[in-house]
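Text of the file model29.txt, holding compact mmCIF, C-alpha atoms (C1' of nucleotides):
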```txt
# COMPACT_ATOMS: atom_id res chain seq x y z
CA MET A 1 -24.43 -36.20 -43.71
CA GLY A 2 -22.95 -38.35 -40.92
CA THR A 3 -23.80 -38.04 -37.26
CA LYS A 4 -20.53 -36.30 -36.48
CA GLU A 5 -21.18 -33.57 -39.04
CA ARG A 6 -24.74 -33.15 -37.83
CA ILE A 7 -23.50 -32.76 -34.27
CA LEU A 8 -21.08 -30.02 -35.34
CA GLU A 9 -23.77 -28.19 -37.29
CA THR A 10 -26.33 -28.38 -34.52
CA ALA A 11 -23.76 -27.33 -31.95
CA LEU A 12 -22.71 -24.33 -34.08
CA ARG A 13 -26.32 -23.23 -34.44
CA LEU A 14 -27.13 -23.59 -30.73
CA PHE A 15 -23.90 -21.91 -29.63
CA ASN A 16 -24.62 -18.99 -31.95
CA GLU A 17 -28.21 -18.70 -30.77
CA GLN A 18 -27.79 -19.23 -27.05
CA GLY A 19 -24.11 -19.21 -26.10
CA ILE A 20 -21.61 -21.74 -24.84
CA ASP A 21 -22.43 -21.06 -21.19
CA VAL A 22 -25.94 -22.53 -21.44
CA ILE A 23 -25.59 -25.20 -24.15
CA THR A 24 -24.41 -28.62 -22.97
CA ILE A 25 -23.99 -31.93 -24.73
CA ARG A 26 -27.40 -32.91 -23.43
CA HIS A 27 -29.04 -29.87 -25.09
CA ILE A 28 -27.44 -30.68 -28.41
CA ALA A 29 -28.58 -34.29 -28.11
CA LYS A 30 -32.15 -33.28 -27.31
CA GLU A 31 -32.23 -30.89 -30.27
CA MET A 32 -31.02 -33.69 -32.57
CA GLU A 33 -33.31 -36.25 -30.94
CA ILE A 34 -30.49 -38.65 -30.19
CA SER A 35 -29.03 -39.78 -26.86
CA HIS A 36 -26.32 -37.75 -25.21
CA SER A 37 -24.21 -40.90 -25.06
CA ASN A 38 -24.25 -40.92 -28.82
CA ILE A 39 -22.61 -37.50 -28.93
CA GLN A 40 -20.12 -38.66 -26.35
CA TYR A 41 -19.13 -41.43 -28.72
CA TYR A 42 -17.75 -38.74 -31.04
CA PHE A 43 -16.75 -36.00 -28.58
CA LYS A 44 -15.68 -36.48 -24.98
CA ASN A 45 -17.27 -33.19 -23.93
CA ALA A 46 -18.53 -29.82 -25.14
CA ASP A 47 -15.03 -28.32 -25.11
CA GLU A 48 -13.92 -30.85 -27.70
CA ILE A 49 -16.80 -29.80 -29.95
CA ILE A 50 -15.83 -26.15 -29.54
CA ALA A 51 -12.20 -26.91 -30.38
CA THR A 52 -13.23 -28.81 -33.50
CA ILE A 53 -15.51 -26.00 -34.68
CA TYR A 54 -12.74 -23.48 -34.04
CA GLU A 55 -10.29 -25.47 -36.14
CA GLN A 56 -12.88 -25.75 -38.92
CA HIS A 57 -13.30 -21.99 -38.82
CA LEU A 58 -9.58 -21.24 -38.93
CA ALA A 59 -9.17 -23.68 -41.82
CA ALA A 60 -11.91 -21.84 -43.73
CA LEU A 61 -10.07 -18.55 -43.11
CA GLU A 62 -6.83 -19.92 -44.53
CA SER A 63 -4.79 -16.95 -45.69
CA THR A 64 -4.49 -16.20 -49.37
CA GLY A 65 -1.17 -14.43 -49.76
CA ILE A 66 -0.48 -10.74 -49.96
CA ILE A 67 -3.21 -8.40 -51.10
CA GLU A 68 -2.14 -6.08 -53.89
CA SER A 69 -5.04 -3.81 -54.67
CA MET A 70 -7.75 -1.87 -52.89
CA PRO A 71 -10.68 -3.83 -54.39
CA GLU A 72 -8.91 -7.05 -53.45
CA LEU A 73 -8.57 -5.78 -49.90
CA MET A 74 -12.28 -4.91 -49.74
CA ASP A 75 -13.21 -8.34 -51.07
CA SER A 76 -10.98 -10.05 -48.55
CA ILE A 77 -12.47 -8.06 -45.68
CA LYS A 78 -16.01 -8.94 -46.69
CA THR A 79 -15.14 -12.64 -47.07
CA ILE A 80 -13.52 -12.75 -43.65
CA LEU A 81 -16.41 -10.91 -41.97
CA THR A 82 -18.85 -13.37 -43.53
CA HIS A 83 -16.90 -16.32 -42.14
CA ILE A 84 -16.75 -14.66 -38.74
CA TYR A 85 -20.49 -14.09 -38.76
CA ARG A 86 -21.09 -17.78 -39.45
CA TYR A 87 -18.93 -18.70 -36.45
CA ARG A 88 -19.94 -15.73 -34.34
CA PHE A 89 -20.23 -17.52 -30.98
CA ILE A 90 -16.45 -18.01 -31.03
CA TYR A 91 -15.93 -14.25 -31.03
CA ILE A 92 -18.57 -13.56 -28.43
CA TYR A 93 -16.94 -16.01 -26.02
CA PHE A 94 -13.39 -15.66 -27.32
CA VAL A 95 -11.62 -15.06 -24.04
CA ALA A 96 -13.65 -17.65 -22.13
CA ILE A 97 -12.87 -20.19 -24.87
CA VAL A 98 -9.12 -19.62 -24.95
CA ARG A 99 -9.02 -19.73 -21.17
CA ARG A 100 -10.64 -23.16 -21.25
CA LEU A 101 -8.66 -24.31 -24.29
CA PRO A 102 -5.20 -22.71 -24.11
CA ASP A 103 -4.06 -24.53 -27.25
CA LEU A 104 -6.37 -22.38 -29.34
CA LYS A 105 -4.42 -19.34 -28.23
CA THR A 106 -1.33 -20.70 -29.98
CA PHE A 107 -3.35 -21.22 -33.16
CA TYR A 108 -4.66 -17.69 -32.91
CA ASN A 109 -1.25 -16.12 -32.32
CA ASN A 110 0.43 -17.99 -35.15
CA ARG A 111 -2.25 -16.80 -37.51
CA TYR A 112 -2.03 -13.26 -36.14
CA LYS A 113 1.71 -13.04 -36.75
CA ILE A 114 1.36 -14.13 -40.37
CA ARG A 115 -1.56 -11.82 -41.07
CA ARG A 116 0.21 -8.90 -39.41
CA GLU A 117 3.19 -9.28 -41.75
CA GLN A 118 0.91 -9.59 -44.76
CA LEU A 119 -1.08 -6.51 -43.85
CA LEU A 120 2.03 -4.41 -43.22
CA LYS A 121 3.37 -5.47 -46.63
CA THR A 122 0.07 -4.54 -48.26
CA PHE A 123 0.20 -1.13 -46.60
CA ALA A 124 3.79 -0.63 -47.78
CA LEU A 125 2.73 -1.59 -51.30
CA PHE A 126 -0.15 0.87 -51.20
CA ARG A 127 2.24 3.61 -50.12
CA GLU A 128 4.46 2.81 -53.08
CA GLN A 129 1.44 2.91 -55.35
CA GLY A 130 0.60 6.35 -53.98
CA ILE A 131 -2.74 5.13 -52.63
CA PHE A 132 -1.74 5.40 -48.97
CA ARG A 133 -0.05 8.37 -47.34
CA ALA A 134 3.73 8.29 -47.05
CA ASP A 135 3.98 10.85 -44.24
CA LEU A 136 2.92 8.63 -41.32
CA PRO A 137 5.38 7.09 -38.84
CA ASP A 138 5.78 3.32 -38.66
CA HIS A 139 4.14 2.91 -35.26
CA VAL A 140 0.93 4.33 -36.67
CA TRP A 141 0.78 1.51 -39.21
CA GLU A 142 1.56 -1.02 -36.52
CA SER A 143 -1.30 0.39 -34.49
CA LEU A 144 -3.59 0.27 -37.49
CA VAL A 145 -3.03 -3.47 -37.77
CA LYS A 146 -3.94 -3.88 -34.12
CA GLN A 147 -7.03 -1.73 -34.55
CA ILE A 148 -8.19 -3.75 -37.53
CA TYR A 149 -7.64 -6.97 -35.62
CA THR A 150 -9.40 -5.79 -32.49
CA ILE A 151 -12.40 -4.60 -34.46
CA GLY A 152 -12.26 -7.70 -36.66
CA ASP A 153 -12.46 -9.91 -33.60
CA PHE A 154 -15.07 -7.93 -31.68
CA TRP A 155 -17.41 -6.17 -34.10
CA ILE A 156 -19.87 -9.03 -33.53
CA SER A 157 -19.84 -8.34 -29.80
CA ALA A 158 -19.96 -4.56 -30.26
CA ASN A 159 -23.02 -4.95 -32.45
CA GLU A 160 -24.76 -7.17 -29.92
CA LEU A 161 -24.27 -4.53 -27.22
CA THR A 162 -26.20 -2.03 -29.31
CA THR A 163 -28.11 -4.40 -31.65
CA ASN A 164 -28.05 -1.85 -34.40
CA TYR A 165 -28.01 -4.44 -37.13
CA LYS A 166 -29.81 -7.78 -37.05
CA GLY A 167 -28.87 -10.89 -38.99
CA PRO A 168 -26.36 -11.02 -41.84
CA ALA A 169 -26.95 -7.32 -42.65
CA VAL A 170 -24.39 -6.59 -39.96
CA VAL A 171 -21.62 -7.84 -42.26
CA LYS A 172 -22.21 -5.07 -44.77
CA ALA A 173 -22.37 -2.42 -42.05
CA TYR A 174 -19.07 -3.40 -40.51
CA ALA A 175 -17.34 -3.87 -43.86
CA SER A 176 -18.04 -0.21 -44.52
CA LEU A 177 -16.89 0.70 -41.02
CA ILE A 178 -13.51 -0.80 -41.88
CA THR A 179 -13.50 1.07 -45.18
CA ASP A 180 -14.10 4.31 -43.28
CA MET A 181 -11.32 3.29 -40.93
CA LEU A 182 -8.85 3.33 -43.82
CA TYR A 183 -10.16 6.58 -45.31
CA PRO A 184 -7.88 9.02 -43.46
CA TYR A 185 -4.86 6.96 -44.53
CA LEU A 186 -5.65 7.48 -48.21
CA THR A 187 -3.99 10.02 -50.47
CA ALA A 188 -6.06 12.12 -52.88
CA LYS A 189 -5.26 9.51 -55.50
CA GLY A 190 -6.30 6.74 -53.11
CA ARG A 191 -9.63 8.41 -52.44
CA LYS A 192 -10.38 8.49 -56.14
CA SER A 193 -9.71 4.73 -56.40
CA LEU A 194 -12.61 4.06 -54.05
CA MET B 1 -15.77 -2.09 5.77
CA GLY B 2 -19.12 -3.87 5.98
CA THR B 3 -19.87 -7.36 4.79
CA LYS B 4 -21.70 -6.11 1.71
CA GLU B 5 -18.71 -4.07 0.56
CA ARG B 6 -16.35 -6.97 1.23
CA ILE B 7 -18.56 -9.25 -0.85
CA LEU B 8 -18.45 -6.82 -3.76
CA GLU B 9 -14.68 -6.45 -3.53
CA THR B 10 -14.05 -10.17 -3.29
CA ALA B 11 -16.46 -10.87 -6.14
CA LEU B 12 -14.75 -8.26 -8.34
CA ARG B 13 -11.36 -9.81 -7.66
CA LEU B 14 -12.50 -13.38 -8.33
CA PHE B 15 -14.47 -12.40 -11.45
CA ASN B 16 -11.41 -10.59 -12.81
CA GLU B 17 -9.11 -13.48 -11.99
CA GLN B 18 -11.24 -16.44 -13.02
CA GLY B 19 -14.36 -15.26 -14.86
CA ILE B 20 -18.06 -15.19 -14.19
CA ASP B 21 -18.61 -18.65 -15.70
CA VAL B 22 -16.70 -20.44 -12.94
CA ILE B 23 -17.24 -18.21 -9.90
CA THR B 24 -20.42 -18.86 -7.90
CA ILE B 25 -21.74 -17.43 -4.67
CA ARG B 26 -20.29 -20.46 -2.92
CA HIS B 27 -16.79 -19.69 -4.23
CA ILE B 28 -17.01 -16.10 -3.04
CA ALA B 29 -18.20 -17.28 0.37
CA LYS B 30 -15.38 -19.79 0.68
CA GLU B 31 -12.81 -17.14 -0.26
CA MET B 32 -14.24 -14.82 2.42
CA GLU B 33 -14.59 -17.65 4.95
CA ILE B 34 -18.23 -16.94 5.56
CA SER B 35 -21.29 -19.04 4.76
CA HIS B 36 -22.91 -18.79 1.35
CA SER B 37 -26.19 -18.04 3.12
CA ASN B 38 -24.59 -14.91 4.45
CA ILE B 39 -23.96 -13.66 0.92
CA GLN B 40 -27.49 -14.59 0.01
CA TYR B 41 -28.69 -12.31 2.76
CA TYR B 42 -27.31 -9.37 0.74
CA PHE B 43 -27.62 -10.66 -2.85
CA LYS B 44 -30.19 -13.14 -4.10
CA ASN B 45 -27.73 -14.60 -6.63
CA ALA B 46 -24.50 -13.97 -8.53
CA ASP B 47 -26.31 -11.99 -11.24
CA GLU B 48 -27.37 -9.42 -8.66
CA ILE B 49 -23.75 -9.01 -7.60
CA ILE B 50 -22.70 -8.52 -11.22
CA ALA B 51 -25.43 -5.94 -11.77
CA THR B 52 -24.37 -4.03 -8.66
CA ILE B 53 -20.71 -4.03 -9.69
CA TYR B 54 -21.69 -2.86 -13.18
CA GLU B 55 -23.67 0.05 -11.77
CA GLN B 56 -20.74 0.97 -9.52
CA HIS B 57 -18.48 0.98 -12.55
CA LEU B 58 -20.80 3.13 -14.66
CA ALA B 59 -21.19 5.56 -11.79
CA ALA B 60 -17.40 5.87 -11.55
CA LEU B 61 -17.26 6.60 -15.29
CA GLU B 62 -19.81 9.41 -14.99
CA SER B 63 -19.26 11.69 -17.96
CA THR B 64 -17.53 15.01 -17.45
CA GLY B 65 -18.86 17.27 -20.17
CA ILE B 66 -17.32 18.14 -23.49
CA ILE B 67 -13.58 17.84 -23.93
CA GLU B 68 -11.98 20.93 -25.38
CA SER B 69 -8.29 20.24 -25.81
CA MET B 70 -6.01 17.46 -26.93
CA PRO B 71 -4.29 17.00 -23.55
CA GLU B 72 -7.69 16.88 -21.88
CA LEU B 73 -8.74 14.15 -24.34
CA MET B 74 -5.60 12.11 -23.58
CA ASP B 75 -6.21 12.46 -19.86
CA SER B 76 -9.79 11.41 -20.20
CA ILE B 77 -8.82 8.35 -22.24
CA LYS B 78 -6.27 7.25 -19.69
CA THR B 79 -8.72 7.72 -16.82
CA ILE B 80 -11.40 5.70 -18.58
CA LEU B 81 -9.01 2.89 -19.51
CA THR B 82 -7.85 2.70 -15.89
CA HIS B 83 -11.44 2.33 -14.70
CA ILE B 84 -12.09 -0.33 -17.33
CA TYR B 85 -9.02 -2.25 -16.26
CA ARG B 86 -10.24 -2.29 -12.67
CA TYR B 87 -13.57 -3.75 -13.82
CA ARG B 88 -12.13 -5.81 -16.65
CA PHE B 89 -14.26 -8.92 -16.18
CA ILE B 90 -17.29 -6.92 -17.32
CA TYR B 91 -15.69 -6.31 -20.70
CA ILE B 92 -14.45 -9.86 -21.08
CA TYR B 93 -17.96 -11.22 -20.52
CA PHE B 94 -19.85 -8.20 -21.83
CA VAL B 95 -22.19 -9.98 -24.22
CA ALA B 96 -22.87 -12.88 -21.84
CA ILE B 97 -23.66 -10.37 -19.10
CA VAL B 98 -26.11 -8.24 -21.09
CA ARG B 99 -27.79 -11.40 -22.32
CA ARG B 100 -28.40 -12.46 -18.75
CA LEU B 101 -29.20 -8.94 -17.55
CA PRO B 102 -30.97 -7.10 -20.39
CA ASP B 103 -31.48 -4.01 -18.23
CA LEU B 104 -27.75 -3.30 -18.36
CA LYS B 105 -28.04 -2.95 -22.12
CA THR B 106 -30.30 0.06 -21.65
CA PHE B 107 -27.78 1.63 -19.27
CA TYR B 108 -25.03 1.00 -21.81
CA ASN B 109 -26.96 2.45 -24.74
CA ASN B 110 -28.01 5.58 -22.89
CA ARG B 111 -24.42 6.22 -21.97
CA TYR B 112 -23.27 5.47 -25.50
CA LYS B 113 -25.64 8.02 -27.03
CA ILE B 114 -24.47 10.78 -24.71
CA ARG B 115 -20.79 9.99 -25.21
CA ARG B 116 -21.23 9.77 -28.97
CA GLU B 117 -22.65 13.31 -29.08
CA GLN B 118 -19.88 14.60 -26.83
CA LEU B 119 -17.15 13.02 -28.92
CA LEU B 120 -18.59 14.34 -32.18
CA LYS B 121 -18.73 17.81 -30.67
CA THR B 122 -15.13 17.52 -29.53
CA PHE B 123 -14.09 16.48 -33.03
CA ALA B 124 -15.97 19.43 -34.53
CA LEU B 125 -14.25 21.73 -32.06
CA PHE B 126 -10.84 20.31 -32.97
CA ARG B 127 -11.60 20.92 -36.65
CA GLU B 128 -12.44 24.54 -35.86
CA GLN B 129 -9.21 24.83 -33.91
CA GLY B 130 -7.30 23.52 -36.93
CA ILE B 131 -6.07 20.48 -35.00
CA PHE B 132 -8.18 17.97 -36.90
CA ARG B 133 -8.54 17.74 -40.67
CA ALA B 134 -11.47 19.52 -42.28
CA ASP B 135 -11.45 17.47 -45.50
CA LEU B 136 -13.07 14.27 -44.21
CA PRO B 137 -16.73 13.39 -44.78
CA ASP B 138 -19.13 13.12 -41.83
CA HIS B 139 -19.56 9.36 -41.99
CA VAL B 140 -15.84 8.96 -41.37
CA TRP B 141 -16.19 10.79 -38.05
CA GLU B 142 -19.23 8.72 -37.18
CA SER B 143 -17.22 5.61 -37.87
CA LEU B 144 -14.33 6.89 -35.79
CA VAL B 145 -16.63 7.13 -32.79
CA LYS B 146 -17.70 3.52 -33.32
CA GLN B 147 -14.10 2.43 -33.69
CA ILE B 148 -13.08 4.14 -30.49
CA TYR B 149 -15.99 2.56 -28.65
CA THR B 150 -15.37 -0.92 -30.01
CA ILE B 151 -11.71 -0.75 -29.08
CA GLY B 152 -12.55 0.91 -25.77
CA ASP B 153 -14.86 -1.94 -24.88
CA PHE B 154 -12.67 -4.79 -26.13
CA TRP B 155 -9.00 -3.86 -25.80
CA ILE B 156 -8.95 -5.89 -22.60
CA SER B 157 -10.16 -8.95 -24.46
CA ALA B 158 -7.87 -8.34 -27.43
CA ASN B 159 -4.92 -8.14 -25.08
CA GLU B 160 -5.86 -11.38 -23.36
CA LEU B 161 -5.94 -13.18 -26.72
CA THR B 162 -2.32 -12.25 -27.29
CA THR B 163 -1.20 -11.48 -23.71
CA ASN B 164 1.26 -8.94 -24.93
CA TYR B 165 0.99 -6.84 -21.82
CA LYS B 166 0.50 -8.12 -18.28
CA GLY B 167 -1.04 -6.25 -15.41
CA PRO B 168 -1.78 -2.52 -15.33
CA ALA B 169 0.96 -1.84 -17.93
CA VAL B 170 -1.64 -2.69 -20.53
CA VAL B 171 -3.40 0.62 -19.83
CA LYS B 172 -0.45 2.64 -21.05
CA ALA B 173 -0.05 0.50 -24.16
CA TYR B 174 -3.65 0.89 -25.24
CA ALA B 175 -3.77 4.58 -24.40
CA SER B 176 -1.03 5.07 -26.97
CA LEU B 177 -2.86 2.80 -29.41
CA ILE B 178 -5.79 5.20 -29.26
CA THR B 179 -3.42 8.14 -29.69
CA ASP B 180 -2.05 6.49 -32.83
CA MET B 181 -5.61 5.91 -33.94
CA LEU B 182 -6.20 9.66 -34.01
CA TYR B 183 -2.89 10.49 -35.67
CA PRO B 184 -4.04 10.35 -39.31
CA TYR B 185 -6.91 12.69 -38.46
CA LEU B 186 -4.51 15.40 -37.29
CA THR B 187 -3.43 18.39 -39.33
CA ALA B 188 0.20 19.49 -39.41
CA LYS B 189 -0.68 21.91 -36.64
CA GLY B 190 -2.39 19.13 -34.71
CA ARG B 191 0.68 16.90 -34.95
CA LYS B 192 2.82 19.64 -33.44
CA SER B 193 0.41 19.90 -30.47
CA LEU B 194 1.20 16.32 -29.49
C1' DC C 1 -30.98 -6.58 31.53
C1' DT C 2 -34.65 -7.81 28.13
C1' DC C 3 -36.64 -7.89 23.90
C1' DA C 4 -36.63 -7.14 19.03
C1' DT C 5 -34.05 -6.82 14.96
C1' DT C 6 -30.23 -7.79 12.10
C1' DT C 7 -26.82 -10.74 10.65
C1' DT C 8 -24.70 -15.24 10.13
C1' DA C 9 -24.58 -20.27 9.87
C1' DG C 10 -26.22 -24.89 8.94
C1' DT C 11 -28.89 -28.03 6.52
C1' DA C 12 -31.70 -30.01 3.14
C1' DC C 13 -33.47 -30.79 -1.49
C1' DA C 14 -34.30 -30.65 -6.47
C1' DA C 15 -32.27 -29.98 -10.90
C1' DA C 16 -28.45 -30.13 -14.04
C1' DT C 17 -24.09 -31.78 -15.46
C1' DG C 18 -19.96 -34.68 -16.44
C1' DT C 19 -18.66 -39.16 -16.58
C1' DA C 20 -18.60 -44.08 -16.81
C1' DC C 21 -20.31 -48.46 -18.18
C1' DA C 22 -23.08 -52.23 -19.99
C1' DA C 23 -26.45 -53.60 -23.18
C1' DA C 24 -28.75 -53.31 -27.51
C1' DT C 25 -28.83 -52.42 -32.34
C1' DA C 26 -26.91 -51.70 -36.93
C1' DA C 27 -23.37 -52.29 -40.27
C1' DT C 28 -19.57 -54.74 -42.19
C1' DT C 29 -16.56 -58.58 -42.93
C1' DT C 30 -15.48 -63.29 -43.55
C1' DA D 1 -25.15 -67.14 -41.92
C1' DA D 2 -21.95 -66.17 -38.31
C1' DA D 3 -18.71 -63.32 -36.33
C1' DT D 4 -16.80 -58.95 -35.71
C1' DT D 5 -16.87 -54.11 -35.42
C1' DA D 6 -19.13 -49.63 -35.23
C1' DT D 7 -22.82 -47.06 -33.55
C1' DT D 8 -26.52 -45.95 -30.44
C1' DT D 9 -29.13 -46.19 -26.18
C1' DG D 10 -30.27 -46.49 -21.27
C1' DT D 11 -28.97 -46.08 -16.77
C1' DA D 12 -26.54 -44.92 -12.72
C1' DC D 13 -23.65 -42.06 -9.71
C1' DA D 14 -20.95 -38.23 -7.78
C1' DT D 15 -20.64 -33.33 -7.91
C1' DT D 16 -22.16 -28.74 -8.27
C1' DT D 17 -25.42 -25.24 -8.06
C1' DG D 18 -29.59 -22.49 -6.88
C1' DT D 19 -32.87 -22.07 -3.57
C1' DA D 20 -35.49 -22.34 0.61
C1' DC D 21 -35.92 -22.75 5.40
C1' DT D 22 -34.78 -22.90 10.35
C1' DA D 23 -31.88 -21.93 14.07
C1' DA D 24 -28.13 -19.57 16.27
C1' DA D 25 -25.45 -15.57 17.26
C1' DA D 26 -24.60 -10.72 17.35
C1' DT D 27 -26.25 -6.09 17.69
C1' DG D 28 -28.92 -2.34 19.25
C1' DA D 29 -33.01 0.07 21.54
C1' DG D 30 -35.64 0.89 25.50
```
Can the structure in the file be given as structure tokens, please?
Amino acid sequence: MGTKERILETALRLFNEQGIDVITIRHIAKEMEISHSNIQYYFKNADEIIATIYEQHLAALESTGIIESMPELMDSIKTILTHIYRYRFIYIYFVAIVRRLPDLKTFYNNRYKIRREQLLKTFALFREQGIFRADLPDHVWESLVKQIYTIGDFWISANELTTNYKGPAVVKAYASLITDMLYPYLTAKGRKSL
Amino acid sequence: MGTKERILETALRLFNEQGIDVITIRHIAKEMEISHSNIQYYFKNADEIIATIYEQHLAALESTGIIESMPELMDSIKTILTHIYRYRFIYIYFVAIVRRLPDLKTFYNNRYKIRREQLLKTFALFREQGIFRADLPDHVWESLVKQIYTIGDFWISANELTTNYKGPAVVKAYASLITDMLYPYLTAKGRKSL
DNA sequence: CTCATTTTAGTACAAATGTACAAATAATTT
DNA sequence: AAATTATTTGTACATTTGTACTAAAATGAG
């Protein structure tokens, strides 16, 4: 593994453990036992490291087309939550990061628009399949997408406020929270498919 | 208005506008056109100011007993969201703040426990009144409380990621998001009561 | 008015950080 | 082997911040 990759890995670990407000290039260098000038050779400053990690994360989340069944949806949710957990510092400092790096906001919004469409199509499909209720107005489904996104982006933070779950176990807990979230939208047939 | 109150007001404004990671005692002093030593006379450091503002906010949110009707619930939600908007920096930097000031976590958790009980009781009441569905398992209601809290704590952040709504208008938008959130839990009778 | 107390201002200093630059070392090419 | 390029280190400097301390100014009590 090259120096650049080791920098990114060490930075990710330190950001996750201690936060972007206390970790500087010098801390990362000390942890790696190299000079801070060496890191500067690859990244001008800490913000550039953060931006690179963020892009890595988004690339790993690359969307996989429209989801067509309930088990597929569950799988997708768990995969995404696992990725988010690995890059959890991003979500804990999300607003501070996009304020410092406005470009990332564009990335985020582009992705959001695509995912929103995909999710709405999945919901429509589930209604056709008789898994989801057909008696709910459109704005409720729109709101559901927003709810899922808000919780998807901030479950890590919510958990840290209460520290109910420690370590990777939190992924399982919040995957089932999202399952519960969908429960009242299911038809009798949908509930059986669970 | 005394100097101490003016410090707290100025700090709140600057924290909301620019964030706790960039605003120091010296910035607040410059904005107020007083010396930073003067602020130090009242608060040892910026963390003490943050803690004081947080306590003010929690005091303003003081819980009002169990909610017994749908309109009362809507009112309560709107009131709380308005308070949160006024103190929005807290929610944007929530995790960073409780990491720096672990005592606030205790405050938060005590409040959460009380509110959780109250909400569950309200839901039970609404089921008895035939407004809420009676066919949903307990864990779904537990999860609903968590969902409401997660969104309640992070709607400000979620909005800033997309910047859909600017200024106080955001309160209205997210109040109706929470209304939508409850929609699939309503019975036919409950839907009419809206 | 005088004295004591409270409030405000000014200054100074150490530590941390971002940034720049030159020198040394390692790796690669010719 | 010599020259070139890539990588790493050491150092230095300006700026910011937290913190401490002293002095000045304002306020209030007797």
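Near chain B, within 6 Å and using only C-alpha atoms, the residues of chain A are A:Val140, A:Ser143, A:Thr150, A:Ala158, A:Leu177, A:Asp180, A:Pro184.
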Pick from D:DA1, D:DG18, D:DA6, D:DA29, whichever lies nearest to B:Asp47 using all atoms listed in the file: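 Checking each candidate against B:Asp47, we get D:DG18 as the closest.
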Selected residue of minimal separation from chain B among C:DT25, C:DT19, C:DT2, C:DT11, counting only C-alpha atoms (C1' of nucleotides):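 Checking each candidate against chain B, we get C:DT11 as the closest.
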Proximity to chain D - best of A:Asn16, A:Thr82, A:Asn45, A:Ser37, all atoms listed in the file: A:Ser37
Gap from atom CA of A:Ala46 to atom C1' of D:DT17 - Å, one decimal: 19.0 Å
Chain A contacts to chain C at 10 Å (all atoms listed in the file) as a count of residues only: 6
Chain D contacts to chain A at 12 Å (only C-alpha atoms (C1' of nucleotides)) as a list of chain:residue names: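 Here they are: D:DA6, D:DT7, D:DT8, D:DT9, D:DG10, D:DT11.
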Suppose we keep C-alpha atoms (C1' of nucleotides); can you now write the selection as an mmCIF file, in the frame of the given file?
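Final output, saved to again_29.cif:
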```cif
data_model
loop_
_atom_site.group_PDB
_atom_site.id
_atom_site.type_symbol
_atom_site.label_atom_id
_atom_site.label_comp_id
_atom_site.auth_asym_id
_atom_site.auth_seq_id
_atom_site.Cartn_x
_atom_site.Cartn_y
_atom_site.Cartn_z
ATOM 1 C "C1'" DA D 6 -19.130 -49.630 -35.230
ATOM 2 C "C1'" DT D 7 -22.820 -47.060 -33.550
ATOM 3 C "C1'" DT D 8 -26.520 -45.950 -30.440
ATOM 4 C "C1'" DT D 9 -29.130 -46.190 -26.180
ATOM 5 C "C1'" DG D 10 -30.270 -46.490 -21.270
ATOM 6 C "C1'" DT D 11 -28.970 -46.080 -16.770
#
```
Atom CA of A:Tyr87 to atom CA of A:Glu48, straight-line distance in Å: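 Atom-to-atom, atom CA of A:Glu48 to atom CA of A:Tyr87, that is 15.8 Å.
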Selected residue, from A:Ala134, A:Arg86, A:Ile66, A:Lys78, that lies nearest to A:Leu119 when counting all atoms listed in the file: A:Ile66
Distance in Å - atom CA of B:Glu31 versus atom CA of B:Met1: 16.5 Å
Just add N, CA and C atoms to stretch 42-51 of chain A and send it as a PDB file, in the frame of the given file.
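See rebuild26.pdb below for the written result:
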```
ATOM      1  N   TYR A  42     -18.583 -39.507 -30.113  1.00  0.00           N
ATOM      2  CA  TYR A  42     -17.750 -38.740 -31.040  1.00  0.00           C
ATOM      3  C   TYR A  42     -16.904 -37.672 -30.343  1.00  0.00           C
ATOM      4  N   PHE A  43     -17.471 -37.054 -29.310  1.00  0.00           N
ATOM      5  CA  PHE A  43     -16.750 -36.000 -28.580  1.00  0.00           C
ATOM      6  C   PHE A  43     -16.845 -36.240 -27.085  1.00  0.00           C
ATOM      7  N   LYS A  44     -15.699 -36.206 -26.415  1.00  0.00           N
ATOM      8  CA  LYS A  44     -15.680 -36.480 -24.980  1.00  0.00           C
ATOM      9  C   LYS A  44     -16.545 -35.483 -24.209  1.00  0.00           C
ATOM     10  N   ASN A  45     -16.473 -34.220 -24.618  1.00  0.00           N
ATOM     11  CA  ASN A  45     -17.270 -33.190 -23.930  1.00  0.00           C
ATOM     12  C   ASN A  45     -17.485 -31.985 -24.847  1.00  0.00           C
ATOM     13  N   ALA A  46     -18.182 -30.987 -24.336  1.00  0.00           N
ATOM     14  CA  ALA A  46     -18.530 -29.820 -25.140  1.00  0.00           C
ATOM     15  C   ALA A  46     -17.271 -29.058 -25.594  1.00  0.00           C
ATOM     16  N   ASP A  47     -16.263 -29.026 -24.748  1.00  0.00           N
ATOM     17  CA  ASP A  47     -15.030 -28.320 -25.110  1.00  0.00           C
ATOM     18  C   ASP A  47     -14.409 -28.909 -26.377  1.00  0.00           C
ATOM     19  N   GLU A  48     -14.494 -30.228 -26.511  1.00  0.00           N
ATOM     20  CA  GLU A  48     -13.920 -30.850 -27.700  1.00  0.00           C
ATOM     21  C   GLU A  48     -14.696 -30.433 -28.959  1.00  0.00           C
ATOM     22  N   ILE A  49     -15.983 -30.272 -28.820  1.00  0.00           N
ATOM     23  CA  ILE A  49     -16.800 -29.800 -29.950  1.00  0.00           C
ATOM     24  C   ILE A  49     -16.378 -28.378 -30.318  1.00  0.00           C
ATOM     25  N   ILE A  50     -16.233 -27.542 -29.294  1.00  0.00           N
ATOM     26  CA  ILE A  50     -15.830 -26.150 -29.540  1.00  0.00           C
ATOM     27  C   ILE A  50     -14.472 -26.111 -30.249  1.00  0.00           C
ATOM     28  N   ALA A  51     -13.529 -26.903 -29.767  1.00  0.00           N
ATOM     29  CA  ALA A  51     -12.200 -26.910 -30.380  1.00  0.00           C
ATOM     30  C   ALA A  51     -12.274 -27.334 -31.839  1.00  0.00           C
TER      31      ALA A  51
END
```
